[in-house]
file input18.txt (compact mmCIF, C-alpha atoms and all ligand atoms)
# COMPACT_ATOMS: atom_id res chain seq x y z
CA MET I 1463 15.18 -22.96 -15.40
CA PRO I 1464 12.02 -24.57 -16.84
CA ALA I 1465 12.09 -25.37 -20.58
CA LEU I 1466 9.62 -22.58 -21.24
CA LYS I 1467 10.56 -19.48 -19.32
CA ARG I 1468 7.85 -17.68 -17.36
CA ASP I 1469 7.91 -13.92 -17.00
CA TYR I 1470 5.93 -11.88 -14.51
CA VAL I 1471 5.27 -8.69 -16.41
CA SER I 1472 1.57 -8.36 -15.75
CA ILE I 1473 -0.71 -9.59 -13.00
CA ASP I 1474 -2.24 -11.74 -15.74
CA ASP I 1475 0.96 -13.80 -15.97
CA LEU I 1476 -0.02 -15.74 -12.84
CA GLY I 1477 -3.26 -17.66 -12.44
CA ASN I 1478 -5.41 -17.35 -9.31
CA GLU I 1479 -4.45 -20.81 -8.09
CA GLU I 1480 -0.78 -20.07 -8.68
CA ILE I 1481 -1.11 -16.91 -6.59
CA LEU I 1482 -2.69 -18.87 -3.73
CA ALA I 1483 0.01 -21.53 -4.04
CA LEU I 1484 2.70 -18.83 -3.83
CA PHE I 1485 1.14 -17.69 -0.53
CA LYS I 1486 1.65 -21.18 0.89
CA VAL I 1487 5.31 -21.19 -0.14
CA ALA I 1488 5.74 -17.67 1.27
CA ASP I 1489 4.21 -18.82 4.57
CA ARG I 1490 6.81 -21.57 4.82
CA TYR I 1491 9.66 -19.20 3.97
CA ASN I 1492 8.33 -16.69 6.46
CA GLU I 1493 8.49 -19.14 9.37
CA ASP I 1494 12.26 -18.81 9.29
CA LEU I 1495 13.67 -16.53 6.62
CA LYS I 1496 17.19 -17.78 7.33
CA ALA I 1497 16.49 -21.43 6.61
CA TRP I 1498 16.49 -21.25 2.78
CA SER I 1499 19.99 -20.25 1.91
CA SER I 1500 20.62 -23.14 -0.42
CA THR I 1501 17.32 -22.85 -2.35
CA CYS I 1502 18.68 -20.69 -5.18
CA ALA I 1503 22.41 -21.05 -4.53
CA GLY I 1504 24.38 -20.30 -7.68
CA SER I 1505 21.67 -18.16 -9.28
CA ILE I 1506 22.08 -14.46 -9.96
CA LEU I 1507 19.41 -11.78 -9.87
CA ALA I 1508 19.94 -8.55 -11.83
CA THR I 1509 17.98 -5.55 -10.56
CA LEU I 1510 17.75 -2.86 -13.24
CA PHE I 1511 16.06 0.19 -11.76
CA PHE I 1512 15.69 3.22 -14.01
CA GLU I 1513 13.31 4.91 -11.54
CA PRO I 1514 13.68 5.43 -7.77
CA SER I 1515 12.82 2.59 -5.42
CA THR I 1516 13.34 1.61 -1.80
CA ARG I 1517 11.11 -1.31 -0.82
CA THR I 1518 10.77 -3.08 -4.15
CA ARG I 1519 14.46 -3.24 -5.00
CA LEU I 1520 15.68 -3.93 -1.48
CA SER I 1521 13.06 -6.59 -0.82
CA PHE I 1522 13.91 -8.35 -4.10
CA GLU I 1523 17.61 -8.23 -3.31
CA SER I 1524 17.01 -9.37 0.25
CA ALA I 1525 14.77 -12.18 -1.06
CA MET I 1526 17.45 -13.42 -3.45
CA LEU I 1527 20.20 -13.24 -0.82
CA ARG I 1528 18.00 -15.13 1.65
CA LEU I 1529 17.52 -17.83 -0.99
CA GLY I 1530 21.30 -18.13 -1.25
CA GLY I 1531 21.61 -16.46 -4.66
CA GLY I 1532 23.67 -13.45 -5.71
CA VAL I 1533 22.63 -9.99 -6.83
CA ILE I 1534 23.99 -7.59 -9.44
CA SER I 1535 22.40 -4.20 -9.66
CA ALA I 1536 22.20 -1.11 -11.86
CA THR I 1537 20.16 1.46 -10.07
CA GLU I 1538 20.59 4.70 -11.93
CA GLY I 1539 19.85 5.16 -15.58
CA ASN I 1540 22.83 7.44 -15.97
CA ALA I 1541 25.19 4.86 -14.50
CA THR I 1542 24.39 2.34 -17.25
CA SER I 1543 24.85 2.34 -21.00
CA ALA I 1544 21.27 3.63 -21.30
CA ALA I 1545 22.88 7.04 -20.75
CA LYS I 1546 25.04 6.36 -23.83
CA GLY I 1547 21.97 5.52 -25.88
CA GLU I 1548 21.83 1.75 -25.46
CA SER I 1549 18.37 0.33 -26.07
CA LEU I 1550 16.38 -1.72 -23.58
CA ALA I 1551 16.43 -4.57 -26.08
CA ASP I 1552 20.24 -4.64 -26.18
CA THR I 1553 20.50 -4.35 -22.40
CA ALA I 1554 18.07 -7.26 -22.12
CA ARG I 1555 20.08 -9.40 -24.53
CA VAL I 1556 23.29 -8.77 -22.61
CA VAL I 1557 22.09 -8.97 -18.99
CA GLY I 1558 19.63 -11.71 -19.81
CA GLY I 1559 22.28 -13.62 -21.72
CA ARG I 1560 25.02 -14.90 -19.43
CA TYR I 1561 25.10 -12.20 -16.73
CA ALA I 1562 22.01 -13.08 -14.72
CA ASP I 1563 19.44 -15.86 -14.32
CA ILE I 1564 16.54 -13.53 -13.67
CA ILE I 1565 15.94 -9.81 -14.20
CA VAL I 1566 13.81 -7.41 -12.17
CA LEU I 1567 13.18 -4.16 -14.03
CA ARG I 1568 11.68 -0.79 -13.15
CA HIS I 1569 11.33 1.77 -15.92
CA SER I 1570 9.28 4.88 -16.64
CA ASP I 1571 7.95 3.70 -20.02
CA GLU I 1572 4.71 1.74 -20.01
CA GLY I 1573 5.36 -1.70 -21.43
CA ALA I 1574 9.14 -1.54 -20.86
CA ALA I 1575 9.18 -4.85 -18.98
CA ARG I 1576 7.40 -6.56 -21.88
CA ILE I 1577 10.15 -5.39 -24.23
CA VAL I 1578 12.86 -6.70 -21.91
CA ALA I 1579 10.99 -10.01 -21.52
CA ASN I 1580 10.87 -10.34 -25.32
CA TYR I 1581 14.63 -9.99 -25.65
CA ALA I 1582 16.02 -11.62 -22.49
CA GLN I 1583 16.61 -15.35 -22.38
CA VAL I 1584 15.82 -15.40 -18.66
CA PRO I 1585 12.62 -14.65 -16.71
CA VAL I 1586 11.79 -10.98 -16.35
CA VAL I 1587 9.80 -9.40 -13.52
CA ASN I 1588 8.08 -6.05 -13.85
CA ALA I 1589 8.85 -3.92 -10.81
CA GLY I 1590 6.81 -1.01 -12.16
CA ASP I 1591 6.51 0.31 -15.71
CA GLY I 1592 5.51 3.96 -15.62
CA ALA I 1593 1.88 4.40 -14.58
CA HIS I 1594 0.91 1.03 -16.04
CA GLU I 1595 1.42 -1.96 -13.71
CA HIS I 1596 3.29 -3.06 -10.59
CA PRO I 1597 2.31 -6.72 -10.30
CA THR I 1598 4.70 -7.72 -7.50
CA GLN I 1599 3.32 -4.98 -5.26
CA THR I 1600 -0.02 -6.63 -5.95
CA LEU I 1601 1.34 -9.94 -4.69
CA CYS I 1602 2.33 -8.20 -1.44
CA ASP I 1603 -1.09 -6.54 -1.24
CA LEU I 1604 -3.05 -9.71 -1.92
CA TYR I 1605 -0.90 -11.80 0.38
CA THR I 1606 -1.36 -9.34 3.27
CA LEU I 1607 -5.08 -9.07 2.64
CA TYR I 1608 -5.38 -12.84 2.49
CA LYS I 1609 -3.60 -13.24 5.81
CA GLU I 1610 -5.77 -10.58 7.42
CA LYS I 1611 -9.12 -11.66 6.04
CA GLY I 1612 -8.53 -15.37 5.48
CA ARG I 1613 -9.77 -15.15 1.88
CA LEU I 1614 -9.59 -13.06 -1.26
CA ASP I 1615 -12.87 -14.00 -2.84
CA GLY I 1616 -15.66 -11.51 -2.73
CA LEU I 1617 -13.98 -8.80 -0.65
CA GLU I 1618 -15.23 -5.22 -0.66
CA VAL I 1619 -12.23 -2.96 -1.31
CA LEU I 1620 -12.21 0.82 -1.57
CA LEU I 1621 -9.49 2.33 -3.75
CA ALA I 1622 -8.76 5.99 -3.03
CA GLY I 1623 -6.56 8.85 -4.16
CA ASP I 1624 -4.66 9.12 -7.42
CA LEU I 1625 -6.21 6.19 -9.26
CA LYS I 1626 -5.11 7.57 -12.60
CA HIS I 1627 -1.35 7.30 -12.21
CA SER I 1628 -1.03 4.64 -9.47
CA ARG I 1629 0.32 1.55 -11.15
CA THR I 1630 -0.18 -0.44 -7.96
CA VAL I 1631 -3.90 0.33 -8.15
CA HIS I 1632 -4.17 -0.83 -11.76
CA SER I 1633 -2.60 -4.23 -11.10
CA LEU I 1634 -4.54 -4.60 -7.84
CA ALA I 1635 -7.88 -3.69 -9.42
CA TRP I 1636 -7.35 -6.28 -12.15
CA ALA I 1637 -6.33 -8.91 -9.63
CA LEU I 1638 -9.20 -8.24 -7.24
CA ALA I 1639 -11.68 -8.36 -10.11
CA ARG I 1640 -10.36 -11.83 -10.92
CA PHE I 1641 -11.05 -12.86 -7.34
CA GLU I 1642 -14.58 -11.50 -7.68
CA ALA I 1643 -14.06 -8.65 -5.26
CA SER I 1644 -16.25 -5.58 -5.36
CA LEU I 1645 -14.33 -2.37 -5.89
CA VAL I 1646 -15.45 1.00 -4.66
CA LEU I 1647 -13.58 3.69 -6.54
CA VAL I 1648 -13.19 7.00 -4.74
CA PRO I 1649 -10.67 8.94 -6.80
CA PHE I 1650 -9.35 12.39 -6.15
CA PRO I 1651 -11.31 14.52 -8.66
CA GLY I 1652 -9.57 14.49 -12.04
CA LEU I 1653 -7.49 11.44 -11.14
CA GLU I 1654 -10.09 8.76 -11.90
CA LEU I 1655 -9.17 5.20 -12.82
CA PRO I 1656 -8.30 5.32 -16.55
CA ASP I 1657 -11.04 4.13 -18.90
CA ASN I 1658 -8.92 1.33 -20.30
CA VAL I 1659 -8.30 -0.07 -16.80
CA LEU I 1660 -12.02 -0.03 -16.03
CA GLU I 1661 -12.93 -1.36 -19.46
CA ARG I 1662 -10.57 -4.28 -19.05
CA ILE I 1663 -12.25 -5.21 -15.79
CA ARG I 1664 -15.59 -5.06 -17.50
CA ARG I 1665 -14.61 -6.87 -20.66
CA ASP I 1666 -12.17 -9.51 -19.39
CA TRP I 1667 -13.97 -10.48 -16.19
CA GLY I 1668 -17.52 -9.46 -16.98
CA ALA I 1669 -17.76 -7.10 -14.00
CA ASP I 1670 -20.59 -4.66 -13.63
CA VAL I 1671 -19.68 -0.98 -13.34
CA THR I 1672 -22.24 1.26 -11.72
CA ARG I 1673 -22.58 4.12 -9.21
CA ALA I 1674 -22.86 3.57 -5.50
CA ASP I 1675 -23.76 5.72 -2.55
CA VAL I 1676 -20.75 5.77 -0.24
CA GLY I 1677 -22.32 8.19 2.22
CA ALA I 1678 -20.07 10.74 3.88
CA LEU I 1679 -16.41 9.85 3.55
CA SER I 1680 -14.99 12.88 5.24
CA GLY I 1681 -11.32 13.15 4.55
CA LEU I 1682 -11.52 10.89 1.51
CA SER I 1683 -14.10 12.61 -0.62
CA GLN I 1684 -16.81 15.24 -0.49
CA ASP I 1685 -18.78 13.28 -3.04
CA LYS I 1686 -21.27 10.65 -1.87
CA ASP I 1687 -21.19 9.02 -5.25
CA ALA I 1688 -18.53 6.43 -6.09
CA VAL I 1689 -17.94 4.10 -9.00
CA TYR I 1690 -18.86 0.60 -7.93
CA VAL I 1691 -17.42 -2.45 -9.68
CA THR I 1692 -18.98 -5.79 -8.87
CA PRO I 1693 -18.60 -9.29 -10.22
CA HIS I 1694 -21.35 -9.73 -12.74
CA LYS I 1695 -24.05 -11.80 -11.13
CA PRO I 1696 -27.47 -11.74 -12.74
CA HIS I 1697 -29.37 -11.67 -9.44
CA GLN I 1698 -27.59 -8.48 -8.48
CA GLN I 1699 -28.55 -6.73 -11.66
CA SER I 1700 -31.86 -5.48 -10.37
CA LEU I 1701 -30.16 -3.56 -7.57
CA PHE I 1702 -28.19 -1.40 -9.89
CA THR I 1703 -30.70 0.85 -11.47
CA ALA I 1704 -30.07 4.51 -12.03
CA ILE I 1705 -32.59 5.37 -9.33
CA THR I 1706 -31.34 3.31 -6.41
CA ALA I 1707 -27.59 3.27 -6.17
CA PRO I 1708 -26.49 0.52 -3.77
CA GLN I 1709 -25.29 1.67 -0.38
CA VAL I 1710 -21.81 0.65 0.59
CA ASP I 1711 -22.17 -0.32 4.23
CA HIS I 1712 -19.21 -2.62 4.73
CA ILE I 1713 -15.60 -2.12 3.63
CA ASP I 1714 -12.98 -4.85 4.06
CA ALA I 1715 -10.08 -2.66 3.08
CA ILE I 1716 -9.24 0.89 2.05
CA TYR I 1717 -6.27 1.10 -0.31
CA MET I 1718 -4.89 4.63 -0.14
CA THR I 1719 -2.38 5.99 -2.64
CA ARG I 1720 -0.15 9.03 -2.74
CA LEU I 1721 -0.38 11.72 -5.39
CA GLN I 1722 2.00 10.44 -8.09
CA LYS I 1723 3.64 13.84 -8.61
CA GLU I 1724 6.29 12.49 -10.93
CA ARG I 1725 3.65 11.55 -13.52
CA PHE I 1726 2.25 15.08 -13.91
CA GLU I 1727 3.08 17.28 -16.88
CA SER I 1728 4.45 20.01 -14.66
CA GLU I 1729 5.40 20.52 -11.05
CA ALA I 1730 2.89 23.35 -10.85
CA SER I 1731 -0.08 21.13 -11.70
CA ALA I 1732 1.11 18.49 -9.22
CA SER I 1733 1.35 20.99 -6.36
CA GLU I 1734 -2.04 22.46 -7.24
CA ASN I 1735 -3.54 19.03 -6.55
CA ALA I 1736 -1.39 18.38 -3.49
CA SER I 1737 -3.00 21.12 -1.38
CA SER I 1738 -6.46 19.53 -1.41
CA TYR I 1739 -5.43 15.88 -1.58
CA PRO I 1740 -7.36 13.65 0.88
CA LYS I 1741 -6.00 12.54 4.21
CA LEU I 1742 -6.98 9.42 6.09
CA GLY I 1743 -6.69 8.74 9.81
CA PRO I 1744 -8.61 7.13 12.69
CA LYS I 1745 -10.91 10.18 12.81
CA GLN I 1746 -12.30 9.31 9.39
CA LEU I 1747 -12.89 5.69 10.33
CA LYS I 1748 -15.24 5.94 13.28
CA GLU I 1749 -18.38 4.54 11.68
CA ALA I 1750 -19.43 0.94 12.27
CA ARG I 1751 -18.81 -0.01 8.64
CA PHE I 1752 -15.07 0.64 9.15
CA ARG I 1753 -14.74 -1.48 12.29
CA GLU I 1754 -13.16 -4.38 10.40
CA THR I 1755 -11.59 -2.28 7.65
CA ARG I 1756 -7.90 -2.72 6.97
CA VAL I 1757 -5.99 0.38 5.89
CA MET I 1758 -3.51 -0.37 3.14
CA HIS I 1759 -0.93 1.69 1.24
CA PRO I 1760 1.86 0.56 -1.09
CA LEU I 1761 4.19 3.20 0.46
CA PRO I 1762 5.89 5.60 0.40
CA ARG I 1763 3.32 7.59 2.33
CA VAL I 1764 3.57 11.33 1.99
CA ASP I 1765 0.69 13.13 3.77
CA GLU I 1766 -2.32 11.03 2.79
CA ILE I 1767 -2.31 8.84 5.92
CA SER I 1768 -1.84 10.58 9.23
CA TYR I 1769 0.82 9.28 11.58
CA ASP I 1770 -1.73 8.58 14.32
CA MET I 1771 -3.10 5.85 12.04
CA ASP I 1772 0.11 3.84 12.55
CA LEU I 1773 -0.85 2.72 16.04
CA ASP I 1774 -4.36 1.71 15.00
CA PRO I 1775 -4.64 -2.09 14.64
CA ARG I 1776 -6.47 -1.60 11.34
CA ALA I 1777 -3.34 -0.17 9.71
CA ILE I 1778 -1.50 -2.88 7.78
CA TYR I 1779 0.74 -0.90 5.42
CA PHE I 1780 3.98 -1.79 7.15
CA ARG I 1781 2.92 -5.42 7.16
CA GLN I 1782 2.48 -5.18 3.36
CA ALA I 1783 6.09 -4.03 3.06
CA GLU I 1784 7.34 -6.70 5.46
CA LEU I 1785 5.61 -9.54 3.62
CA GLY I 1786 7.27 -8.32 0.43
CA VAL I 1787 10.32 -10.41 1.30
CA PRO I 1788 8.78 -13.91 1.67
CA ILE I 1789 6.35 -13.44 -1.22
CA ARG I 1790 9.16 -12.25 -3.50
CA MET I 1791 11.30 -15.19 -2.35
CA ALA I 1792 8.47 -17.49 -3.43
CA LEU I 1793 8.14 -15.71 -6.78
CA LEU I 1794 11.90 -15.88 -7.50
CA ALA I 1795 12.08 -19.56 -6.58
CA PHE I 1796 9.11 -20.28 -8.83
CA LEU I 1797 10.37 -18.33 -11.85
CA LEU I 1798 13.82 -19.87 -11.49
CA GLY I 1799 12.17 -23.30 -11.68
CA VAL I 1800 13.31 -24.35 -8.22
CA ILE I 1801 9.80 -25.01 -6.93
CA ASP I 1802 6.70 -26.33 -8.59
CA LEU I 1803 3.45 -24.68 -7.54
CA GLY I 1804 1.31 -27.60 -8.62
CA ALA I 1805 -1.24 -25.15 -10.02
CA PRO I 1806 -2.29 -24.45 -13.59
CA ALA I 1807 -0.75 -21.54 -15.50
CA PRO I 1808 -3.27 -18.88 -16.49
CA ARG I 1809 -5.26 -19.59 -19.60
CA ARG I 1810 -4.02 -17.38 -22.39
CA LYS I 1811 -6.51 -14.84 -23.64
CA ASN I 1812 -8.45 -16.16 -26.51
CA LEU I 1813 -8.05 -12.90 -28.41
CA PRO I 1814 -6.50 -12.72 -31.88
CA LEU I 1815 -3.16 -10.95 -31.99
CA TYR I 1816 -2.42 -8.29 -34.56
CA SER I 1817 0.92 -6.77 -35.36
CA SER I 1818 2.15 -4.67 -38.24
CA ALA I 1819 5.03 -2.31 -38.80
CA VAL I 1820 2.73 -0.33 -41.12
CA GLY I 1821 -0.27 1.73 -40.05
CA LEU I 1822 -1.76 1.75 -36.58
CA ARG I 1823 0.36 2.64 -33.59
CA CYS I 1824 -0.52 2.77 -29.93
CA GLU I 1825 -1.99 6.19 -29.07
CA ASN I 1826 -0.54 6.29 -25.58
CA VAL I 1827 2.41 8.68 -25.72
CA ARG I 1828 3.91 6.97 -22.65
CA CYS I 1829 3.85 3.54 -24.27
CA VAL I 1830 7.32 2.12 -24.78
CA THR I 1831 6.51 1.58 -28.48
CA ASN I 1832 6.27 5.37 -28.83
CA ARG I 1833 9.36 6.06 -26.78
CA GLU I 1834 12.45 4.02 -26.11
CA ALA I 1835 11.51 1.11 -28.37
CA ARG I 1836 10.06 3.14 -31.21
CA LYS I 1837 13.02 2.28 -33.45
CA TYR I 1838 12.79 -1.47 -33.11
CA ALA I 1839 9.52 -2.72 -31.60
CA VAL I 1840 6.68 -3.60 -33.96
CA PRO I 1841 3.34 -2.42 -32.49
CA GLU I 1842 1.26 -5.36 -31.33
CA PHE I 1843 -2.39 -5.48 -30.30
CA HIS I 1844 -5.11 -7.84 -29.18
CA ILE I 1845 -8.22 -7.52 -31.32
CA LEU I 1846 -10.98 -6.94 -28.77
CA ARG I 1847 -13.76 -6.37 -31.26
CA ASP I 1848 -14.11 -6.64 -35.04
CA VAL I 1849 -16.89 -4.10 -35.71
CA PRO I 1850 -16.48 -1.31 -34.82
CA ALA I 1851 -12.83 -2.22 -34.65
CA LEU I 1852 -11.27 -2.03 -31.19
CA LEU I 1853 -7.71 -3.06 -30.35
CA ARG I 1854 -5.66 -3.17 -27.13
CA CYS I 1855 -1.92 -2.58 -27.05
CA VAL I 1856 -0.04 -5.66 -25.83
CA TYR I 1857 2.58 -3.44 -24.16
CA CYS I 1858 0.60 -0.80 -22.24
CA ASP I 1859 -3.06 -1.96 -22.48
CA GLY I 1860 -4.03 1.29 -24.23
CA GLU I 1861 -7.13 0.88 -26.38
CA VAL I 1862 -7.46 2.25 -29.89
CA GLU I 1863 -10.34 2.39 -32.35
CA PRO I 1864 -8.97 2.36 -35.89
CA LYS I 1865 -11.28 4.11 -38.34
CA VAL I 1866 -10.01 2.30 -41.42
CA VAL I 1867 -9.14 -1.34 -42.22
CA GLY I 1868 -7.21 -2.32 -45.34
CA HIS I 1869 -6.70 -5.64 -47.12
CA ALA I 1870 -2.99 -6.50 -47.14
CA GLU I 1871 -3.13 -7.84 -50.74
CA SER I 1872 -5.84 -5.94 -52.62
CA ARG I 1873 -4.99 -2.77 -50.66
CA ARG I 1874 -8.69 -1.91 -50.59
CA LEU I 1875 -9.99 0.03 -47.63
CA HIS I 1876 -13.08 -0.39 -45.48
CA ARG I 1877 -14.49 1.68 -42.64
CA GLY I 1878 -13.56 0.26 -39.26
CA ASN I 1879 -17.26 0.20 -38.35
CA ALA I 1880 -18.40 -1.56 -41.55
CA ALA I 1881 -19.26 -5.25 -41.51
CA GLU I 1882 -17.07 -5.93 -44.61
CA SER I 1883 -13.94 -5.12 -42.62
CA SER I 1884 -14.59 -8.11 -40.35
CA ARG I 1885 -14.71 -10.40 -43.39
CA ILE I 1886 -11.02 -9.81 -44.02
CA ARG I 1887 -9.14 -12.59 -42.26
CA PRO I 1888 -7.26 -11.19 -39.24
CA GLU I 1889 -3.86 -12.09 -40.75
CA ARG I 1890 -4.68 -10.07 -43.91
CA ARG I 1891 -5.96 -6.99 -42.09
CA VAL I 1892 -3.99 -3.78 -41.85
CA TYR I 1893 -5.48 -1.28 -39.42
CA PHE I 1894 -5.15 2.48 -39.83
CA VAL I 1895 -6.07 5.25 -37.50
CA ASP I 1896 -7.57 7.26 -40.41
CA ASP I 1897 -7.63 7.65 -44.20
CA ALA I 1898 -4.55 9.85 -44.30
CA GLN I 1899 -2.44 7.18 -42.60
CA ALA I 1900 -3.80 4.52 -44.98
CA GLN I 1901 -3.09 6.58 -48.06
CA ALA I 1902 0.41 7.42 -46.88
CA ALA I 1903 1.02 3.67 -46.69
CA GLY I 1904 -0.20 3.19 -50.31
CA PHE I 1905 -3.66 1.81 -49.48
CA GLY I 1906 -6.98 2.87 -51.05
CA GLY I 1907 -7.00 5.46 -53.79
N1 LIG U 2001 6.04 2.19 -4.41
C1 LIG U 2001 4.89 2.16 -5.28
C2 LIG U 2001 5.30 2.31 -6.74
O1 LIG U 2001 6.46 2.23 -7.05
C3 LIG U 2001 3.85 3.15 -4.88
C4 LIG U 2001 4.21 4.60 -5.02
O2 LIG U 2001 5.32 4.94 -5.41
O3 LIG U 2001 3.33 5.41 -4.72
O4 LIG U 2001 4.44 2.44 -7.58

call {"tool": "encode", "arguments": {"input": "input18.txt", "output": "structure tokens", "more": "lines below"}}
Ligand code: ASP
result
Amino acid sequence: MPALKRDYVSIDDLGNEEILALFKVADRYNEDLKAWSSTCAGSILATLFFEPSTRTRLSFESAMLRLGGGVISATEGNATSAAKGESLADTARVVGGRYADIIVLRHSDEGAARIVANYAQVPVVNAGDGAHEHPTQTLCDLYTLYKEKGRLDGLEVLLAGDLKHSRTVHSLAWALARFEASLVLVPFPGLELPDNVLERIRRDWGADVTRADVGALSGLSQDKDAVYVTPHKPHQQSLFTAITAPQVDHIDAIYMTRLQKERFESEASASENASSYPKLGPKQLKEARFRETRVMHPLPRVDEISYDMDLDPRAIYFRQAELGVPIRMALLAFLLGVIDLGAPAPRRKNLPLYSSAVGLRCENVRCVTNREARKYAVPEFHILRDVPALLRCVYCDGEVEPKVVGHAESRRLHRGNAAESSRIRPERRVYFVDDAQAQAAGFGG
């Protein structure tokens, strides 16, 4: 293993050039999947899956076996000590101690993989953390798209369906924005891309978010209006006025997602949505602008892509699943330090980090710091903006606007939107959601 372990918890943990270099390795592996059985001989992969999975777990296990390594697996929460109350941190210490050389984790709490990465001595891969991210599915998606289109830069990709809960969409949207793609968002009403996902695209990559005219998308949406996300280029600015929404007349790929029923509060509200959920098939793709469109889906498909789409050459969803093996082989070999990608690691965000056991907590109830790890994880945030204060949770990317900022020594309080608060050095600041929380912690008065 390299001296400094690399985890793959978020799509941001790999740089663009590293991703392209992984494709080259995957291409080589894919020429003959059976020719690499000594590449990772002696290494052990642990797959810890606390949520259902078919493709992700099996393709990781297949990838490791093809590389000549071994696999140990815990696939049901109630078959592990989690059912006895063991924490993720303790599981990570044990499995990531001497049991395995790399861990792949799927868990329902957002940020769970970050917790495991913090406590395991070995690399950790996020195979889906609640509705937050699924960065290895994104590698499969990008790799397939790259092979189909010959490039990733500047593609026009339409994301449809349940954009709110689809973790594959969140990681993919972030990745595509980094490759300067334009995103056309056509959500099922009420299941729009979460604000923090969109905001991160805007803030971190300077993308422009506007409305676009998508024309009739029968089957996908009744609405002609879509959210349009483009790489921020000054010369494009003038197009995006409120009066003339740009027309979307060419689509490189449609990424369809299923209704993520398991993320709804109740079964009743999930089935209410299911009856009018969109359906995509060749009938909906007759216009000229869809001639070169690739139809993608992370699978499993339920009813949102008709079976007659399978024979259409534009359908590439089974290819996405197939390429999951070589691309995951490349990722495992890289994280285990067996191959060098010869590409720079991503530049770390230049944002100050803030953490405190007192005061502000992430407001996302599904964040691991409010659930499984509440007892032991100290909330941690990136400071996005000083005034008015705006922070982003390191674990789940949830954004929070604290109303009050205290001085750790004088214990004086300032409004989060007052300039004085920014004069407190970041390491002396203590953020509070409101006055009551500050006073309860002995600040102000
Ligand atoms: N298999 C993907 C996931 O685990 C997509 C899905 O389940 O809809 O997120």

call {"tool": "atom_distance", "arguments": {"input": "input18.txt", "atom1": "CA of Leu1647 (chain I)", "atom2": "CA of Leu1793 (chain I)"}}
result
29.1 Å

call {"tool": "residues_near_point", "arguments": {"input": "input18.txt", "point": "(11.4, 4.1, -14.9)", "cutoff": "12 Å", "atoms": "only C-alpha atoms", "output": "JSON, numbers by chain"}}
result
{"I": [1510, 1511, 1512, 1513, 1514, 1515, 1537, 1538, 1539, 1540, 1544, 1550, 1567, 1568, 1569, 1570, 1571, 1572, 1573, 1574, 1575, 1588, 1589, 1590, 1591, 1592, 1593, 1594, 1595, 1596, 1629, 1724, 1725, 1828, 1830, 1834]}

call {"tool": "residues_around", "arguments": {"input": "input18.txt", "residues": "Ser1521 (chain I)", "least_positions_apart": "3", "cutoff": "12 Å", "atoms": "only C-alpha atoms", "output": "PyMOL selection string"}}
result
chain I and resi 1509+1515-1518+1524-1528+1533+1566+1589+1598-1599+1602+1782-1791+1793-1794

call {"tool": "closest_residue", "arguments": {"input": "input18.txt", "among": "I:Ala1503, I:Leu1601, I:Leu1803, I:Val1827", "to": "Thr1630 (chain I)", "atoms": "only C-alpha atoms"}}
result
I:Leu1601

call {"tool": "axis_aligned_box", "arguments": {"input": "input18.txt", "around": "region 1777-1796 of chain I", "padding_each_side": "3 Å", "output": "AutoDock Vina command-line options"}}
result
--center_x 4.4 --center_y -10.2 --center_z 0.4 --size_x 21.4 --size_y 26.1 --size_z 24.5

call {"tool": "closest_residue", "arguments": {"input": "input18.txt", "among": "I:Ala1730, I:Leu1822, I:Leu1625, I:Val1849", "to": "ligand LIG 2001 (chain U)", "atoms": "only C-alpha atoms and all ligand atoms"}}
result
I:Leu1625

call {"tool": "closest_residue", "arguments": {"input": "input18.txt", "among": "I:Ser1543, I:Ser1633, I:Ser1505, I:Gln1583", "to": "ligand LIG 2001 (chain U)", "atoms": "all atoms listed in the file"}}
result
I:Ser1633

call {"tool": "closest_residue", "arguments": {"input": "input18.txt", "among": "I:Pro1762, I:Gly1547, I:Gly1906, I:Gly1652", "to": "ligand LIG 2001 (chain U)", "atoms": "all atoms listed in the file"}}
result
I:Pro1762

call {"tool": "atom_distance", "arguments": {"input": "input18.txt", "atom1": "CA of Ala1554 (chain I)", "atom2": "CA of Tyr1838 (chain I)"}}
result
13.5 Å

call {"tool": "closest_residue", "arguments": {"input": "input18.txt", "among": "I:Ala1903, I:Val1764, I:Leu1797, I:Ala1688", "to": "ligand LIG 2001 (chain U)", "atoms": "all atoms listed in the file"}}
result
I:Val1764
